[in-house]
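Asks: Attaching a single structure in structure tokens format; questions to follow.
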Amino acid sequence: MKQITFALALTLAAPAAWAAEKLPLSQISNYLNGLKTVETTFTQVNDDGSLSTGKLWMERPGKMRFEYDPPNSAVVLARAGTVQIFDPKSNQPPEQYPLKRTPLSLVLARNVNLGQANMVVAHDFDGTATVVTARDPKNPESGRIELMFTGDPIELRKWVIHDNAGSQTTVLLGQLSTGGNLSNDLFSRSKRSGSGNR
């Protein structure tokens with residue numbers, strides 16, 4: 001009797017286990033293309049092991065804002081094909097470089113197609129999440145991005161950016177608020193948003 005109960009338990013448990021499997025690239029592409037706006041908190045693990053926290057806003061295509069909590073207090077803006085880093089502690093003009101030089105450009109693209117030739121270099125399942133490692137085939141020197149998605153429903157949970165110098169930066173995302181309207185000011189000014197946009 002115990003063997004029958006055990007076998008029945010395995011049968012009942014199996015569908016749930018099978019449901020947690022690697023998400024197809026086409027499904028992930030469709031999910032990313034469906035993300036118009038995102039608002040969330042984040043924790044960033046830097047290459048030296050230090051931690052930063054803050055708020056993140058994204059508006060596809062092409063716009064992203066990172067607002068770091070004190071004592072960092074930096075603001076990073078991606079807009080109009082350019083990434084700008086505003087450091088309130090610096091007297092220098094903001095650092096800036098083309099968005100296409102960062103693998104985040106793959107997420108912010110107007111049309112995400114992970115099936116594009118030579119874009120995805122790894123597509124794995126770690127038992128709980130699908131991990132896709134991608135790079136821009138037109139700009140391979142920009143490094144690569146490792147994106148982690150959970151399923152049912154599909155959601156982006158974290159990314160890891162690997163640069164060509166061998167360092168990596170991990171961004172862990174909080175609960176995503178999607179589909180809302182974001183103020184244009186978020187992507188047009190470097191001043192901290194304060195409580196009005198939180």
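Order determines the names: the first chain of the structure tokens is A, the second B, and so forth; residues in each chain are numbered 1 upward, and ligands are numbered 1 upward as they are shown.
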Need to verify the contact set: Leu35 (chain A), 9 Å, only C-alpha atoms, exclusion of same-chain residues closer than 3 positions in sequence. Can you return it as a count of residues only?

Replies: 9

Asks: Just list as a list in words whatever in region 110-146 of chain A DSSP marks as strand (DSSP E).

Replies: Val120, Val121, Ala122, His123, Asp124, Phe125, Thr130, Val131, Val132, Thr133, Ala134, Arg144, Ile145 and Glu146 of chain A

Asks: Hey, what's within 6 Å of Thr133 (chain A) if we count only C-alpha atoms and toss same-chain stuff fewer than 2 positions away? As an MDAnalysis selection string, please?

Replies: chainID A and resid 120:122 145:146

Asks: Generate the output file for the selected residues, N, CA and C atoms, as a short mmCIF file (atom, residue, chain, number, x, y, z; two decimals), in the first residue's frame.

Replies:
```cif
data_model
loop_
_atom_site.label_atom_id
_atom_site.label_comp_id
_atom_site.auth_asym_id
_atom_site.auth_seq_id
_atom_site.Cartn_x
_atom_site.Cartn_y
_atom_site.Cartn_z
N VAL A 120 22.46 35.17 -28.60
CA VAL A 120 22.44 34.38 -27.37
C VAL A 120 23.61 33.41 -27.36
N VAL A 121 24.43 33.51 -26.32
CA VAL A 121 25.61 32.63 -26.22
C VAL A 121 25.39 31.51 -25.22
N ALA A 122 24.32 31.61 -24.40
CA ALA A 122 23.96 30.54 -23.47
C ALA A 122 22.49 30.67 -23.11
N ILE A 145 25.36 40.27 -21.26
CA ILE A 145 24.41 40.39 -20.16
C ILE A 145 23.76 39.04 -19.91
N GLU A 146 23.66 38.70 -18.64
CA GLU A 146 23.03 37.44 -18.22
C GLU A 146 21.69 37.82 -17.59
#
```

Asks: Here is a test: counting only C-alpha atoms, which residue of A:Ser73, A:Ser105, A:Ser52, A:Thr169 is nearest to Ser90 (chain A)?

Replies: A:Ser73

Asks: Take CA of Arg157 (chain A) and CA of Arg79 (chain A) and report the distance between them in Å, one decimal.

Replies: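 These two atoms are separated by 22.7 Å.
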